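*Asks:* Here you go, target.tsv (TSV, C-alpha atoms):
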```tsv
chain	number	residue	atom	x	y	z
A	1	MET	CA	126.54	71.32	86.00
A	2	GLN	CA	125.78	75.03	85.74
A	3	ASP	CA	128.39	76.51	83.41
A	4	THR	CA	126.57	79.52	81.99
A	5	TYR	CA	125.80	82.89	83.54
A	6	LYS	CA	123.94	86.05	82.58
A	7	THR	CA	125.55	89.46	82.42
A	8	ILE	CA	125.44	92.65	80.35
A	9	GLU	CA	128.02	93.85	77.86
A	10	GLN	CA	127.31	97.55	77.45
A	11	ALA	CA	126.82	100.17	80.14
A	12	VAL	CA	123.33	101.72	80.10
A	13	GLU	CA	121.35	104.24	82.12
A	14	GLY	CA	117.93	104.54	83.70
A	15	TYR	CA	115.97	107.27	85.46
A	16	VAL	CA	113.03	107.69	87.83
A	17	THR	CA	111.61	110.60	89.85
A	18	GLU	CA	109.81	110.28	93.16
A	19	LYS	CA	108.30	113.39	94.83
A	20	LYS	CA	110.78	115.65	93.00
A	21	SER	CA	113.79	113.52	94.03
A	22	LYS	CA	115.66	112.42	90.90
A	23	PHE	CA	117.25	108.96	90.76
A	24	LEU	CA	119.78	108.42	87.97
A	25	SER	CA	120.78	104.80	87.51
A	26	PHE	CA	123.68	103.17	85.68
A	27	VAL	CA	124.51	99.52	85.09
A	28	PHE	CA	128.02	98.38	84.11
A	29	HIS	CA	129.77	95.13	83.25
A	30	VAL	CA	132.57	94.61	85.82
A	31	GLU	CA	135.15	91.89	86.46
A	32	SER	CA	136.65	92.84	89.87
A	33	PRO	CA	136.09	94.82	93.10
A	34	GLU	CA	138.92	97.15	91.96
A	35	GLU	CA	136.96	97.99	88.81
A	36	VAL	CA	133.84	98.59	90.93
A	37	LYS	CA	135.74	101.03	93.17
A	38	GLU	CA	137.11	102.90	90.17
A	39	ILE	CA	133.67	103.36	88.57
A	40	VAL	CA	132.01	104.36	91.87
A	41	ASP	CA	134.78	106.91	92.56
A	42	GLU	CA	134.39	108.35	89.04
A	43	HIS	CA	130.66	108.79	89.59
A	44	ARG	CA	131.16	110.41	93.00
A	45	LYS	CA	133.42	112.99	91.32
A	46	LYS	CA	131.16	113.50	88.31
A	47	TYR	CA	127.97	113.85	90.41
A	48	TYR	CA	129.63	115.65	93.34
A	49	ASP	CA	126.48	117.75	93.88
A	50	ALA	CA	124.23	114.69	94.39
A	51	ARG	CA	122.98	113.81	97.87
A	52	HIS	CA	123.68	110.05	97.64
A	53	VAL	CA	125.65	107.68	95.38
A	54	CYS	CA	124.35	104.21	96.27
A	55	TRP	CA	125.42	100.98	94.60
A	56	ALA	CA	125.52	97.19	94.57
A	57	TYR	CA	127.50	94.64	92.62
A	58	MET	CA	127.73	90.91	92.08
A	59	LEU	CA	130.72	88.98	90.72
A	60	GLY	CA	131.61	85.48	89.55
A	61	PRO	CA	129.74	82.76	87.67
A	62	GLU	CA	128.59	81.29	90.99
A	63	ARG	CA	127.29	84.75	92.04
A	64	GLU	CA	129.01	84.43	95.43
A	65	GLU	CA	130.79	87.77	95.69
A	66	TYR	CA	128.53	90.76	96.23
A	67	ARG	CA	128.26	93.98	98.18
A	68	SER	CA	125.87	96.87	98.51
A	69	ASN	CA	126.19	100.38	99.91
A	70	ASP	CA	123.52	102.81	101.16
A	71	ASP	CA	125.84	105.86	101.14
A	72	GLY	CA	124.13	107.57	104.06
A	73	GLU	CA	120.55	106.56	103.25
A	74	PRO	CA	118.75	104.69	106.07
A	75	SER	CA	120.19	101.18	106.36
A	76	GLY	CA	118.77	98.71	103.83
A	77	THR	CA	116.79	101.32	101.83
A	78	ALA	CA	119.17	101.74	98.86
A	79	GLY	CA	121.94	99.17	98.39
A	80	ARG	CA	119.73	96.20	99.21
A	81	PRO	CA	116.91	97.04	96.76
A	82	ILE	CA	119.57	97.68	94.06
A	83	LEU	CA	121.13	94.26	94.79
A	84	GLY	CA	117.62	92.80	94.73
A	85	GLN	CA	117.28	93.82	91.07
A	86	ILE	CA	120.60	92.16	90.18
A	87	ASN	CA	119.22	89.01	91.84
A	88	SER	CA	115.77	89.14	90.29
A	89	TYR	CA	117.31	89.26	86.80
A	90	GLY	CA	119.85	86.55	87.77
A	91	LEU	CA	122.81	88.70	86.68
A	92	THR	CA	126.46	88.61	87.66
A	93	ASN	CA	129.60	90.61	86.86
A	94	VAL	CA	127.49	93.75	87.09
A	95	LEU	CA	127.55	96.96	89.08
A	96	ILE	CA	124.49	99.17	89.46
A	97	ILE	CA	124.90	102.72	90.74
A	98	VAL	CA	121.91	104.89	91.65
A	99	ILE	CA	122.52	108.60	92.21
A	100	ARG	CA	119.93	110.59	94.12
A	101	TYR	CA	119.26	114.29	93.86
A	102	PHE	CA	117.09	115.26	96.84
A	103	GLY	CA	113.86	117.00	95.85
A	104	GLY	CA	112.99	118.53	99.23
A	105	THR	CA	110.42	115.93	100.32
A	106	LEU	CA	111.38	113.04	102.60
A	107	LEU	CA	110.32	109.74	101.07
A	108	GLY	CA	110.35	107.52	104.18
A	109	THR	CA	111.87	104.03	104.14
A	110	GLY	CA	109.11	102.51	101.96
A	111	GLY	CA	109.40	105.33	99.41
A	112	LEU	CA	113.18	105.05	99.29
A	113	ILE	CA	113.15	101.27	98.81
A	114	LYS	CA	110.60	101.63	95.99
A	115	ALA	CA	112.53	104.45	94.28
A	116	TYR	CA	115.94	102.72	94.42
A	117	LYS	CA	114.42	99.43	93.25
A	118	GLU	CA	112.62	101.10	90.33
A	119	ALA	CA	115.67	103.15	89.31
A	120	ALA	CA	117.89	100.04	89.30
A	121	GLU	CA	115.26	98.10	87.37
A	122	ASP	CA	114.92	100.86	84.78
A	123	ALA	CA	118.65	100.64	83.98
A	124	VAL	CA	118.57	96.82	83.79
A	125	LYS	CA	115.53	96.93	81.46
A	126	ASN	CA	117.53	99.13	79.08
A	127	ALA	CA	120.47	96.69	79.07
A	128	VAL	CA	121.08	93.85	76.64
A	129	ILE	CA	121.42	90.72	78.78
A	130	VAL	CA	123.77	88.07	77.38
A	131	GLU	CA	124.45	84.50	78.40
A	132	LYS	CA	128.09	83.48	78.66
A	133	THR	CA	129.77	80.15	79.33
A	134	VAL	CA	132.18	79.47	82.17
A	135	ASP	CA	135.38	78.48	80.38
A	136	LEU	CA	138.43	76.68	81.73
A	137	THR	CA	141.91	76.60	80.21
A	138	LEU	CA	144.23	73.69	79.57
A	139	THR	CA	147.77	73.87	78.16
A	140	ILE	CA	149.12	70.91	76.22
A	141	ARG	CA	152.64	70.27	74.93
A	142	PHE	CA	153.59	67.58	72.43
A	143	GLU	CA	155.88	66.76	69.51
A	144	TYR	CA	154.86	67.47	65.91
A	145	VAL	CA	154.26	63.80	65.11
A	146	LEU	CA	151.22	63.88	67.43
A	147	LEU	CA	149.60	66.94	65.83
A	148	ASN	CA	147.09	64.96	63.71
A	149	ASP	CA	146.00	62.89	66.72
A	150	VAL	CA	145.49	66.03	68.81
A	151	MET	CA	143.56	67.83	66.05
A	152	ARG	CA	141.33	64.79	65.51
A	153	ILE	CA	140.30	64.97	69.18
A	154	LEU	CA	139.77	68.75	69.16
A	155	LYS	CA	137.38	68.41	66.20
A	156	GLN	CA	135.11	66.27	68.41
A	157	PHE	CA	134.54	69.24	70.76
A	158	GLU	CA	132.31	72.04	69.44
A	159	GLU	CA	132.99	74.36	72.36
A	160	VAL	CA	136.80	74.40	72.20
A	161	SER	CA	138.97	77.30	71.03
A	162	TRP	CA	142.74	77.60	71.21
A	163	GLU	CA	145.94	79.54	70.67
A	164	GLN	CA	148.93	77.66	69.32
A	165	ASP	CA	152.66	78.14	69.43
A	166	PHE	CA	154.53	75.74	67.16
A	167	LYS	CA	158.29	76.14	67.39
A	168	GLU	CA	160.61	73.17	68.14
A	169	SER	CA	157.60	71.38	69.60
A	170	CYS	CA	153.89	72.21	69.85
A	171	THR	CA	152.20	74.14	72.65
A	172	MET	CA	148.46	74.77	72.59
A	173	LYS	CA	146.36	76.70	75.06
A	174	LEU	CA	142.83	75.30	74.94
A	175	HIS	CA	139.71	77.05	76.22
A	176	ILE	CA	136.62	74.94	76.80
A	177	ARG	CA	133.38	75.29	78.70
A	178	LYS	CA	133.46	73.85	82.19
A	179	SER	CA	131.02	70.98	81.55
A	180	GLU	CA	133.23	69.63	78.73
A	181	PHE	CA	136.57	70.19	80.44
A	182	GLN	CA	137.01	66.79	82.10
A	183	ARG	CA	136.03	64.87	78.95
A	184	LEU	CA	138.59	66.85	76.89
A	185	HIS	CA	141.26	66.36	79.56
A	186	ASP	CA	140.63	62.61	79.76
A	187	THR	CA	140.53	62.13	75.98
A	188	LEU	CA	143.80	64.02	75.42
A	189	SER	CA	145.53	62.18	78.26
A	190	GLN	CA	145.01	58.92	76.34
A	191	ILE	CA	147.49	60.07	73.68
A	192	TYR	CA	150.93	58.91	74.79
A	193	GLY	CA	153.35	61.85	74.73
A	194	VAL	CA	150.89	64.72	75.31
A	195	LYS	CA	151.74	66.67	78.48
A	196	ILE	CA	148.75	68.40	80.06
A	197	GLU	CA	148.86	71.36	82.45
A	198	LYS	CA	145.73	72.74	84.13
A	199	GLU	CA	145.63	76.50	84.65
```
Using structure tokens, write down the structure that the file contains.

*Replies:*
Amino acid sequence: MQDTYKTIEQAVEGYVTEKKSKFLSFVFHVESPEEVKEIVDEHRKKYYDARHVCWAYMLGPEREEYRSNDDGEPSGTAGRPILGQINSYGLTNVLIIVIRYFGGTLLGTGGLIKAYKEAAEDAVKNAVIVEKTVDLTLTIRFEYVLLNDVMRILKQFEEVSWEQDFKESCTMKLHIRKSEFQRLHDTLSQIYGVKIEKE
């Protein structure tokens, strides 16, 4: 079961020139389409004098949610090559923006595809790529007398972390990587008196 994914943590920049056209590229870690919109809007305002602000993003551990935008460049010459770089590095939860300042010479579709691809790649090459695990959450509730039994089980799982709230009874919110989730769930459910809620 695939329960890891690659992303970046810090925003970085890249840059290429092609026949006097300047291509500024930026790669960001993003978690939602709303965040993408916010960052793209910010860059449109900041680089208001640029000819094109093209972008692509991919979201989710399964890499199923993605979009690209040519922002007035010929169809398929900007957004798609940018998305292609996200794919070739196997990244997700990233947004790449490439801003073009026109240099007076038309590049043709081949030239545009090459320039947008290289600009996107330059930003990705400057980024630190990290591997993260897909984590699921489980909430358990139980009485104090069961605390030792619960802790004994949790110690068997390297990948588990938790927050606890011990008042009249015990509540623990457990975070565990997806591939271990079912085993943890099944092991805890063998303790009589532990109530389990999936998130």

*Asks:* Using all atoms listed in the file, what table do you get, as a Markdown table, when you list each residue of range 25-90 of chain A with an atom no more than 7 Å from range 99-104 of chain A, its nearest pair of atoms, and their distance in Å rounded to one decimal, rows by chain then rising number?

*Replies:*
```
| residue | atom | partner | partner_atom | distance |
| --- | --- | --- | --- | --- |
| A:Ser25 | CA | A:Ile99 | CA | 6.3 |
| A:Ala50 | CA | A:Tyr101 | CA | 5.0 |
| A:Arg51 | CA | A:Tyr101 | CA | 5.5 |
| A:His52 | CA | A:Arg100 | CA | 5.2 |
| A:Val53 | CA | A:Ile99 | CA | 4.5 |
| A:Cys54 | CA | A:Ile99 | CA | 6.3 |
```

*Asks:* Write out, as a PDB file, in the coordinates of the input, the residues just selected, with C-alpha atoms.

*Replies:*
```
ATOM      1  CA  SER A  25     120.780 104.800  87.510  1.00  0.00           C
ATOM      2  CA  ALA A  50     124.230 114.690  94.390  1.00  0.00           C
ATOM      3  CA  ARG A  51     122.980 113.810  97.870  1.00  0.00           C
ATOM      4  CA  HIS A  52     123.680 110.050  97.640  1.00  0.00           C
ATOM      5  CA  VAL A  53     125.650 107.680  95.380  1.00  0.00           C
ATOM      6  CA  CYS A  54     124.350 104.210  96.270  1.00  0.00           C
TER       7      CYS A  54
END
```

*Asks:* Ranking A:Gln164, A:Thr92, A:Gln182, A:Asn87 by minimum distance to Ile140 in chain A and counting all atoms listed in the file, which one comes first?

*Replies:*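 Among the listed residues, A:Gln164 lies closest to Ile140 in chain A.
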
*Asks:* Just to confirm, what's the straight-line distance from CA of Arg44 in chain A to CA of Val128 in chain A in Å (one decimal)?

*Replies:* 25.4 Å

*Asks:* Between A:Val98, A:Ile153, A:Ile129, A:Leu112, single out the one closest to Ser189 in chain A, counting all atoms listed in the file.

*Replies:*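 Closest to Ser189 in chain A, using all atoms listed in the file: A:Ile153.
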
*Asks:* Smallest atom-to-atom distance to Gly14 in chain A: which of A:Glu131, A:Asp165, A:Asp149, A:Glu121, using all atoms listed in the file?

*Replies:*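 Among the listed residues, the smallest separation from Gly14 in chain A belongs to A:Glu121.
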
*Asks:* May I ask for the distance between CA of Thr7 in chain A and CA of Thr139 in chain A, given in Å to one decimal place?

*Replies:* 27.5 Å

*Asks:* Taking a cut-off of 8 Å and counting only C-alpha atoms, can you build a table that, for each residue of range 78-130 of chain A near range 68-72 of chain A, reports the nearest atom pair and how far apart they are in Å (one decimal), sorted by chain then residue number, as JSON lines?

*Replies:*
```
{"residue": "A:Ala78", "atom": "CA", "partner": "A:Asp70", "partner_atom": "CA", "distance": 5.0}
{"residue": "A:Gly79", "atom": "CA", "partner": "A:Ser68", "partner_atom": "CA", "distance": 4.6}
{"residue": "A:Arg80", "atom": "CA", "partner": "A:Ser68", "partner_atom": "CA", "distance": 6.2}
{"residue": "A:Ile82", "atom": "CA", "partner": "A:Ser68", "partner_atom": "CA", "distance": 7.8}
{"residue": "A:Leu83", "atom": "CA", "partner": "A:Ser68", "partner_atom": "CA", "distance": 6.6}
```

*Asks:* Would you save the residues from that selection as a JSON list (two decimals), in the frame of the given file, using C-alpha atoms?

*Replies:*
```json
[["chain", "number", "residue", "atom", "x", "y", "z"],
["A", 78, "ALA", "CA", 119.17, 101.74, 98.86],
["A", 79, "GLY", "CA", 121.94, 99.17, 98.39],
["A", 80, "ARG", "CA", 119.73, 96.20, 99.21],
["A", 82, "ILE", "CA", 119.57, 97.68, 94.06],
["A", 83, "LEU", "CA", 121.13, 94.26, 94.79]]
```

*Asks:* So, with all atoms listed in the file as the atoms that count, which of A:Val134, A:Lys198, A:Glu143, A:Val124 lies closest to Arg177 in chain A?

*Replies:* A:Val134

*Asks:* Write out as a PyMOL selection string which residues come within 7 Å of Tyr144 in chain A when counting all atoms listed in the file, dropping same-chain ones fewer than 3 positions away.

*Replies:* chain A and resi 147+169-170

*Asks:* Could you check how far CA of His175 in chain A sits from CA of Tyr89 in chain A, in Å to one decimal?

*Replies:* 27.6 Å

*Asks:* Smallest atom-to-atom distance to Thr187 in chain A: which of A:Asn148, A:Gln156, A:Asn126, A:Thr77, using all atoms listed in the file?

*Replies:* A:Gln156

*Asks:* Which residues are close to Asp186 in chain A, i.e. within 12 Å by all atoms listed in the file, leaving aside same-chain residues fewer than 4 positions away? Reply as an mmCIF file with C-alpha atoms, in the coordinates of the input.

*Replies:*
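Below you can see out_17.cif, which holds the result:
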```cif
data_model
loop_
_atom_site.group_PDB
_atom_site.id
_atom_site.type_symbol
_atom_site.label_atom_id
_atom_site.label_comp_id
_atom_site.auth_asym_id
_atom_site.auth_seq_id
_atom_site.Cartn_x
_atom_site.Cartn_y
_atom_site.Cartn_z
ATOM 1 C CA LEU A 138 144.230 73.690 79.570
ATOM 2 C CA ILE A 153 140.300 64.970 69.180
ATOM 3 C CA GLU A 180 133.230 69.630 78.730
ATOM 4 C CA PHE A 181 136.570 70.190 80.440
ATOM 5 C CA GLN A 182 137.010 66.790 82.100
ATOM 6 C CA GLN A 190 145.010 58.920 76.340
ATOM 7 C CA ILE A 191 147.490 60.070 73.680
ATOM 8 C CA VAL A 194 150.890 64.720 75.310
ATOM 9 C CA LYS A 195 151.740 66.670 78.480
ATOM 10 C CA ILE A 196 148.750 68.400 80.060
#
```

*Asks:* Missing atoms in range 100-118 of chain A should be modelled up to N, CA, C and O atoms and reported as a PDB file, keeping the file's coordinate frame.

*Replies:*
```
ATOM      1  N   ARG A 100     121.154 109.895  93.730  1.00  0.00           N
ATOM      2  CA  ARG A 100     119.930 110.590  94.120  1.00  0.00           C
ATOM      3  C   ARG A 100     120.173 112.082  94.296  1.00  0.00           C
ATOM      4  O   ARG A 100     121.087 112.502  95.002  1.00  0.00           O
ATOM      5  N   TYR A 101     119.333 112.846  93.615  1.00  0.00           N
ATOM      6  CA  TYR A 101     119.260 114.290  93.860  1.00  0.00           C
ATOM      7  C   TYR A 101     118.014 114.546  94.683  1.00  0.00           C
ATOM      8  O   TYR A 101     116.906 114.250  94.238  1.00  0.00           O
ATOM      9  N   PHE A 102     118.197 115.070  95.892  1.00  0.00           N
ATOM     10  CA  PHE A 102     117.090 115.260  96.840  1.00  0.00           C
ATOM     11  C   PHE A 102     116.151 116.351  96.331  1.00  0.00           C
ATOM     12  O   PHE A 102     116.587 117.422  95.901  1.00  0.00           O
ATOM     13  N   GLY A 103     114.843 116.051  96.383  1.00  0.00           N
ATOM     14  CA  GLY A 103     113.860 117.000  95.850  1.00  0.00           C
ATOM     15  C   GLY A 103     113.147 117.819  96.911  1.00  0.00           C
ATOM     16  O   GLY A 103     112.180 118.527  96.619  1.00  0.00           O
ATOM     17  N   GLY A 104     113.594 117.702  98.176  1.00  0.00           N
ATOM     18  CA  GLY A 104     112.990 118.530  99.230  1.00  0.00           C
ATOM     19  C   GLY A 104     111.922 117.826 100.044  1.00  0.00           C
ATOM     20  O   GLY A 104     111.518 118.310 101.097  1.00  0.00           O
ATOM     21  N   THR A 105     111.450 116.672  99.576  1.00  0.00           N
ATOM     22  CA  THR A 105     110.420 115.930 100.320  1.00  0.00           C
ATOM     23  C   THR A 105     111.016 114.607 100.796  1.00  0.00           C
ATOM     24  O   THR A 105     111.573 113.859 100.000  1.00  0.00           O
ATOM     25  N   LEU A 106     110.882 114.319 102.076  1.00  0.00           N
ATOM     26  CA  LEU A 106     111.380 113.040 102.600  1.00  0.00           C
ATOM     27  C   LEU A 106     110.472 111.916 102.077  1.00  0.00           C
ATOM     28  O   LEU A 106     109.248 112.053 102.054  1.00  0.00           O
ATOM     29  N   LEU A 107     111.095 110.823 101.684  1.00  0.00           N
ATOM     30  CA  LEU A 107     110.320 109.740 101.070  1.00  0.00           C
ATOM     31  C   LEU A 107     109.951 108.637 102.060  1.00  0.00           C
ATOM     32  O   LEU A 107     109.093 107.813 101.770  1.00  0.00           O
ATOM     33  N   GLY A 108     110.600 108.602 103.226  1.00  0.00           N
ATOM     34  CA  GLY A 108     110.350 107.520 104.180  1.00  0.00           C
ATOM     35  C   GLY A 108     110.986 106.236 103.671  1.00  0.00           C
ATOM     36  O   GLY A 108     111.338 106.132 102.491  1.00  0.00           O
ATOM     37  N   THR A 109     111.141 105.243 104.552  1.00  0.00           N
ATOM     38  CA  THR A 109     111.870 104.030 104.140  1.00  0.00           C
ATOM     39  C   THR A 109     111.173 103.309 102.993  1.00  0.00           C
ATOM     40  O   THR A 109     111.814 102.895 102.033  1.00  0.00           O
ATOM     41  N   GLY A 110     109.845 103.201 103.039  1.00  0.00           N
ATOM     42  CA  GLY A 110     109.110 102.510 101.960  1.00  0.00           C
ATOM     43  C   GLY A 110     109.302 103.211 100.621  1.00  0.00           C
ATOM     44  O   GLY A 110     109.532 102.578  99.590  1.00  0.00           O
ATOM     45  N   GLY A 111     109.236 104.537 100.640  1.00  0.00           N
ATOM     46  CA  GLY A 111     109.400 105.330  99.410  1.00  0.00           C
ATOM     47  C   GLY A 111     110.804 105.201  98.844  1.00  0.00           C
ATOM     48  O   GLY A 111     110.990 105.116  97.625  1.00  0.00           O
ATOM     49  N   LEU A 112     111.784 105.189  99.744  1.00  0.00           N
ATOM     50  CA  LEU A 112     113.180 105.050  99.290  1.00  0.00           C
ATOM     51  C   LEU A 112     113.418 103.686  98.656  1.00  0.00           C
ATOM     52  O   LEU A 112     114.009 103.590  97.582  1.00  0.00           O
ATOM     53  N   ILE A 113     112.958 102.636  99.338  1.00  0.00           N
ATOM     54  CA  ILE A 113     113.150 101.270  98.810  1.00  0.00           C
ATOM     55  C   ILE A 113     112.526 101.165  97.422  1.00  0.00           C
ATOM     56  O   ILE A 113     113.150 100.667  96.482  1.00  0.00           O
ATOM     57  N   LYS A 114     111.304 101.685  97.273  1.00  0.00           N
ATOM     58  CA  LYS A 114     110.600 101.630  95.990  1.00  0.00           C
ATOM     59  C   LYS A 114     111.390 102.404  94.920  1.00  0.00           C
ATOM     60  O   LYS A 114     111.585 101.922  93.795  1.00  0.00           O
ATOM     61  N   ALA A 115     111.835 103.602  95.261  1.00  0.00           N
ATOM     62  CA  ALA A 115     112.530 104.450  94.280  1.00  0.00           C
ATOM     63  C   ALA A 115     113.861 103.835  93.844  1.00  0.00           C
ATOM     64  O   ALA A 115     114.174 103.800  92.641  1.00  0.00           O
ATOM     65  N   TYR A 116     114.642 103.328  94.788  1.00  0.00           N
ATOM     66  CA  TYR A 116     115.940 102.720  94.420  1.00  0.00           C
ATOM     67  C   TYR A 116     115.731 101.440  93.614  1.00  0.00           C
ATOM     68  O   TYR A 116     116.464 101.166  92.661  1.00  0.00           O
ATOM     69  N   LYS A 117     114.723 100.664  93.991  1.00  0.00           N
ATOM     70  CA  LYS A 117     114.420  99.430  93.250  1.00  0.00           C
ATOM     71  C   LYS A 117     114.027  99.769  91.810  1.00  0.00           C
ATOM     72  O   LYS A 117     114.527  99.197  90.848  1.00  0.00           O
ATOM     73  N   GLU A 118     113.113 100.753  91.670  1.00  0.00           N
ATOM     74  CA  GLU A 118     112.620 101.100  90.330  1.00  0.00           C
ATOM     75  C   GLU A 118     113.716 101.720  89.463  1.00  0.00           C
ATOM     76  O   GLU A 118     113.776 101.473  88.257  1.00  0.00           O
TER      77      GLU A 118
END
```
